[in-house]
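File shown here: work_5.txt, holding compact mmCIF, C-alpha atoms.
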```txt
# COMPACT_ATOMS: atom_id res chain seq x y z
CA MET A 1 100.22 159.26 113.52
CA ARG A 2 98.73 157.79 116.68
CA SER A 3 95.03 156.98 116.38
CA LEU A 4 92.30 158.03 118.78
CA HIS A 5 90.47 155.07 120.31
CA PHE A 6 87.14 155.80 122.01
CA THR A 7 86.44 153.58 125.02
CA ALA A 8 83.15 155.03 126.35
CA ASP A 9 80.39 157.28 125.01
CA SER A 10 77.50 158.88 126.90
CA SER A 11 75.30 161.99 126.73
CA SER A 12 73.60 164.06 129.43
CA ASN A 13 72.16 167.59 129.64
CA GLY A 14 73.14 168.41 126.09
CA ILE A 15 76.77 167.30 126.46
CA ARG A 16 78.35 164.24 124.88
CA GLU A 17 81.23 162.72 126.89
CA ARG A 18 83.65 160.34 125.19
CA ASP A 19 86.57 158.68 126.94
CA PHE A 20 89.51 157.91 124.68
CA THR A 21 93.12 156.84 124.56
CA VAL A 22 95.81 158.03 122.17
CA GLY A 23 99.20 156.36 122.27
CA GLY A 24 98.12 154.75 125.55
CA VAL A 25 97.37 158.13 127.19
CA PRO A 26 93.82 158.39 128.58
CA GLY A 27 91.70 161.44 127.89
CA VAL A 28 88.14 162.70 127.67
CA LEU A 29 86.38 164.71 124.97
CA TRP A 30 83.27 166.75 125.74
CA SER A 31 81.15 167.95 122.80
CA PRO A 32 77.66 169.27 122.06
CA ALA A 33 75.26 166.31 122.12
CA SER A 34 73.31 167.41 119.05
CA GLY A 35 74.72 167.76 115.56
CA ALA A 36 78.14 167.20 114.07
CA ASP A 37 78.87 170.76 112.96
CA ARG A 38 82.47 171.88 112.98
CA ALA A 39 83.43 173.79 116.10
CA PRO A 40 86.60 175.05 117.81
CA LEU A 41 88.56 172.84 120.18
CA VAL A 42 89.80 173.83 123.64
CA LEU A 43 92.48 171.72 125.32
CA MET A 44 92.64 171.81 129.12
CA GLY A 45 95.42 170.83 131.51
CA HIS A 46 94.39 169.86 135.05
CA GLY A 47 96.07 170.80 138.31
CA GLY A 48 98.65 168.78 140.20
CA GLY A 49 97.23 165.79 142.03
CA HIS A 50 94.01 165.97 140.00
CA HIS A 51 92.79 164.19 136.86
CA LYS A 52 91.01 164.71 133.55
CA LYS A 53 87.48 164.63 135.02
CA HIS A 54 88.18 166.66 138.15
CA PRO A 55 85.29 169.08 138.87
CA ALA A 56 87.49 172.01 137.82
CA MET A 57 87.82 170.40 134.39
CA ALA A 58 84.26 169.12 134.04
CA GLY A 59 82.79 172.43 135.17
CA ARG A 60 84.84 174.50 132.73
CA ALA A 61 84.09 172.04 129.95
CA GLN A 62 80.36 172.33 130.62
CA ARG A 63 80.56 176.10 130.27
CA LEU A 64 82.55 175.94 127.04
CA VAL A 65 80.31 173.30 125.45
CA THR A 66 76.96 174.81 126.41
CA GLY A 67 78.10 178.44 126.27
CA CYS A 68 79.96 178.36 122.95
CA GLY A 69 79.30 174.99 121.34
CA PHE A 70 83.01 174.10 121.57
CA HIS A 71 84.70 170.71 121.92
CA VAL A 72 86.87 170.32 125.04
CA ALA A 73 89.59 167.71 125.58
CA VAL A 74 91.61 166.84 128.68
CA LEU A 75 94.43 164.31 129.10
CA ASP A 76 95.57 162.74 132.34
CA ALA A 77 99.03 164.15 133.03
CA PRO A 78 101.85 161.64 133.57
CA GLY A 79 101.45 159.94 136.96
CA HIS A 80 97.90 161.31 137.40
CA GLY A 81 94.37 159.98 137.05
CA ASP A 82 94.32 156.62 135.29
CA ARG A 83 98.06 156.67 134.67
CA PRO A 84 100.34 154.78 137.08
CA ARG A 85 102.91 156.60 139.15
CA SER A 86 106.55 155.89 138.47
CA ALA A 87 109.20 155.52 141.17
CA HIS A 88 110.27 159.08 140.31
CA ASP A 89 106.70 160.31 140.85
CA GLU A 90 106.59 158.67 144.27
CA ARG A 91 109.93 160.21 145.31
CA GLU A 92 108.91 163.70 144.26
CA ILE A 93 105.49 163.45 145.93
CA ALA A 94 107.16 162.26 149.15
CA ALA A 95 109.61 165.19 148.96
CA LEU A 96 106.70 167.59 148.50
CA ARG A 97 104.82 166.19 151.49
CA THR A 98 107.98 166.43 153.61
CA ALA A 99 108.47 170.09 152.68
CA GLN A 100 104.84 170.89 153.41
CA ALA A 101 104.92 169.13 156.78
CA ALA A 102 108.07 171.03 157.77
CA GLY A 103 106.62 174.37 156.67
CA GLU A 104 109.34 174.74 154.05
CA PRO A 105 108.83 176.30 150.59
CA GLU A 106 107.37 173.75 148.22
CA GLY A 107 108.33 175.65 145.07
CA PRO A 108 111.72 173.98 144.51
CA VAL A 109 110.14 170.51 144.53
CA VAL A 110 107.10 171.44 142.44
CA VAL A 111 109.13 173.33 139.85
CA ARG A 112 111.50 170.45 139.10
CA TYR A 113 108.74 167.84 139.21
CA ASN A 114 106.41 169.79 136.93
CA ALA A 115 109.25 170.45 134.49
CA ARG A 116 109.91 166.71 134.27
CA LEU A 117 106.19 166.02 133.70
CA ALA A 118 106.03 168.68 130.99
CA GLU A 119 108.86 167.03 129.04
CA THR A 120 106.64 163.97 128.67
CA ALA A 121 103.27 165.70 128.44
CA VAL A 122 103.99 168.24 125.67
CA PRO A 123 104.60 165.64 122.91
CA GLU A 124 101.63 163.65 124.24
CA TRP A 125 99.41 166.70 123.82
CA GLN A 126 100.71 167.29 120.31
CA ALA A 127 99.95 163.69 119.36
CA ALA A 128 96.47 164.00 120.88
CA LEU A 129 95.84 167.22 118.96
CA ASP A 130 96.88 165.48 115.73
CA ALA A 131 94.37 162.72 116.43
CA LEU A 132 91.55 165.02 117.57
CA GLN A 133 91.86 167.10 114.42
CA GLU A 134 91.21 163.96 112.38
CA LEU A 135 87.63 163.98 113.71
CA PRO A 136 85.25 165.55 111.17
CA GLU A 137 83.52 167.64 113.85
CA ILE A 138 86.86 169.29 114.73
CA GLY A 139 88.97 169.25 111.57
CA ALA A 140 92.58 170.10 110.85
CA ASP A 141 92.04 173.80 110.20
CA GLY A 142 89.77 174.71 113.11
CA PRO A 143 90.82 177.11 115.87
CA VAL A 144 92.36 175.67 119.05
CA GLY A 145 92.66 177.16 122.53
CA TYR A 146 94.28 176.01 125.77
CA VAL A 147 93.38 176.29 129.47
CA GLY A 148 95.95 175.46 132.15
CA ILE A 149 95.41 175.24 135.90
CA GLY A 150 98.51 174.91 138.11
CA LEU A 151 100.33 171.91 136.67
CA GLY A 152 98.30 172.54 133.52
CA THR A 153 100.03 175.90 133.23
CA ALA A 154 103.47 174.34 133.77
CA ILE A 155 102.68 172.00 130.88
CA GLY A 156 100.73 174.52 128.86
CA VAL A 157 103.35 177.26 128.62
CA PRO A 158 105.90 175.06 126.81
CA LEU A 159 103.08 173.47 124.82
CA VAL A 160 101.72 176.76 123.50
CA ALA A 161 105.28 177.99 122.83
CA ALA A 162 105.88 174.90 120.67
CA GLU A 163 102.47 174.51 119.06
CA PRO A 164 101.38 177.09 116.42
CA ARG A 165 97.93 175.54 116.14
CA ILE A 166 97.00 176.96 119.57
CA THR A 167 95.96 180.57 119.05
CA ALA A 168 94.69 181.68 122.49
CA ALA A 169 95.35 180.53 126.06
CA VAL A 170 94.07 180.94 129.60
CA TYR A 171 96.42 180.22 132.50
CA THR A 172 96.36 180.28 136.27
CA CYS A 173 99.41 181.15 138.32
CA THR A 174 102.34 178.83 138.92
CA TRP A 175 106.06 179.21 139.66
CA PRO A 176 107.84 180.89 136.72
CA ASP A 177 111.35 179.51 137.30
CA VAL A 178 111.69 177.30 134.23
CA LEU A 179 108.84 178.88 132.25
CA ILE A 180 110.13 182.40 131.60
CA GLU A 181 112.03 181.56 128.41
CA LYS A 182 109.05 179.67 126.95
CA ALA A 183 106.62 182.42 127.98
CA GLN A 184 108.77 184.94 126.11
CA GLN A 185 108.12 182.92 122.94
CA ILE A 186 104.34 183.16 123.27
CA THR A 187 102.58 185.90 121.30
CA VAL A 188 98.97 184.65 121.20
CA PRO A 189 96.27 186.37 123.31
CA ILE A 190 96.55 185.41 126.99
CA GLU A 191 94.23 185.65 129.99
CA PHE A 192 96.11 185.07 133.25
CA ALA A 193 94.57 184.73 136.71
CA LEU A 194 96.35 184.80 140.06
CA GLN A 195 95.34 184.96 143.69
CA TRP A 196 96.69 188.10 145.36
CA ASP A 197 97.07 186.36 148.74
CA ASP A 198 98.38 183.03 147.40
CA GLU A 199 100.19 181.26 150.23
CA ARG A 200 101.94 178.82 147.89
CA VAL A 201 103.07 180.77 144.83
CA PRO A 202 104.48 184.20 145.80
CA ARG A 203 102.67 187.15 144.24
CA GLU A 204 105.91 188.39 142.69
CA ALA A 205 106.39 185.03 140.98
CA GLY A 206 102.98 185.16 139.35
CA LEU A 207 103.52 188.72 138.18
CA ALA A 208 106.91 187.78 136.73
CA LEU A 209 105.34 185.01 134.65
CA PHE A 210 102.61 187.30 133.38
CA ASP A 211 105.18 189.94 132.50
CA ALA A 212 107.23 187.40 130.52
CA PHE A 213 104.52 186.65 127.95
CA ALA A 214 105.34 188.44 124.68
CA SER A 215 101.68 188.70 123.70
CA GLN A 216 100.45 192.08 122.51
CA GLU A 217 97.08 191.18 124.02
CA LYS A 218 97.34 189.82 127.54
CA THR A 219 95.06 190.40 130.49
CA LEU A 220 95.85 189.95 134.20
CA HIS A 221 93.06 189.02 136.61
CA ALA A 222 94.20 189.44 140.23
CA ASN A 223 91.66 188.28 142.80
CA ALA A 224 91.79 188.55 146.57
CA GLY A 225 92.13 185.18 148.28
CA LYS A 226 94.40 182.20 148.76
CA HIS A 227 95.63 179.56 146.33
CA LEU A 228 92.46 177.47 146.23
CA GLU A 229 90.02 180.39 146.48
CA MET A 230 89.87 181.49 142.85
CA PRO A 231 86.39 182.86 142.11
CA ARG A 232 84.17 180.71 139.95
CA PHE A 233 83.48 183.68 137.70
CA GLU A 234 86.98 183.25 136.27
CA ALA A 235 85.68 180.17 134.45
CA ASP A 236 82.92 182.29 132.89
CA SER A 237 85.49 184.91 131.91
CA ALA A 238 87.46 182.22 130.07
CA VAL A 239 84.34 181.34 128.07
CA ARG A 240 83.98 184.95 126.94
CA PHE A 241 87.71 185.09 126.15
CA PHE A 242 87.54 182.06 123.87
CA ALA A 243 84.30 183.26 122.27
CA ARG A 244 86.21 186.38 121.23
CA HIS A 245 89.32 184.65 120.00
CA LEU A 246 88.10 181.30 118.65
CA GLY A 247 84.65 182.30 117.49
CA GLY A 248 81.24 181.46 118.93
CA ALA A 249 78.66 183.23 121.02
CA ALA A 250 79.21 183.18 124.77
CA VAL A 251 75.99 182.45 126.61
CA SER A 252 75.66 183.24 130.30
CA PRO A 253 75.19 180.07 132.37
CA ALA A 254 71.74 179.48 133.77
```

What is this file in structure tokens?
Amino acid sequence: MRSLHFTADSSSNGIRERDFTVGGVPGVLWSPASGADRAPLVLMGHGGGHHKKHPAMAGRAQRLVTGCGFHVAVLDAPGHGDRPRSAHDEREIAALRTAQAAGEPEGPVVVRYNARLAETAVPEWQAALDALQELPEIGADGPVGYVGIGLGTAIGVPLVAAEPRITAAVYTCTWPDVLIEKAQQITVPIEFALQWDDERVPREAGLALFDAFASQEKTLHANAGKHLEMPRFEADSAVRFFARHLGGAAVSPA
């Protein structure tokens, strides 16, 4: 088993933030600053081009820690954050920028690139979960959830399909092309959010991915607006979702 190595530790506003590496992969763990009581763990996957401490991650973590008393962990995806880009990363990013500049669909590039990243990231997440569950404040038998945003969904669908320890998941929309088969293997409760006017991921694609989940309990949140205009209240909805399914009392943010 790969060990968790903490590299920084700080506390502010009731939240403890610890940077760590596991198997050379950098991550961050947010926890309640007071006490060492056992609490559920939520894993989060960041969006493409972002990193483990992007505001979308830090903001959701703050809600989950202060609202439910949960622990929240994020890893830098391959080629993101503090991880170097490979030659393959650079080629795919250049292809994406070329498609965007020409006004061509970006889906074909993003789908194949994200699928390649997921092949590496899924076993990394499983190793990180092994190590995180060795911490006494988390434990091996505690409930685990997952949040995926964009790329985090492309990684999170195969991860949840492969990982029985994850018992509830929240996703945002992404292209379903290579995810349908994995989504059909997922039966845990799902909350899925898409933007009705998304200019990047076609509405029909998002609906197809939602439809593919085999979960008996799955909820679709469709909000008006473009790809980057998801309402902030979706983050609060995720807190209530995990309070129901992982345990804990959801507290409205101040």

Residues near region 82-93 of chain A, cut-off 8 Å, only C-alpha atoms, skip fewer than 2 positions along chain, as a PyMOL selection string:
chain A and resi 25-26+51+76-80+95-97+109+113

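Across the structure, CA of Pro55 (chain A) and CA of His245 (chain A) are spaced 24.8 Å apart.
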
Ala33 (chain A) environment, 7 Å, all atoms listed in the file, sequence neighbours closer than 2 positions dropped, as a VMD selection string
chain A and resid 11 14 to 16 31 35

I need the residue nearest Leu43 (chain A) from this list: A:Val111, A:Ala101, A:Leu132, A:Leu4. Use only C-alpha atoms for the distance.
A:Leu132

Between CA of Pro189 (chain A) and CA of Glu229 (chain A), what is the spacing in Å?
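These atoms are spaced 24.7 Å apart.
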
In Å to one decimal, how far is CA of Thr98 (chain A) from CA of Gly45 (chain A)?
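Interatomic distance, CA of Gly45 (chain A) to CA of Thr98 (chain A): 25.8 Å.
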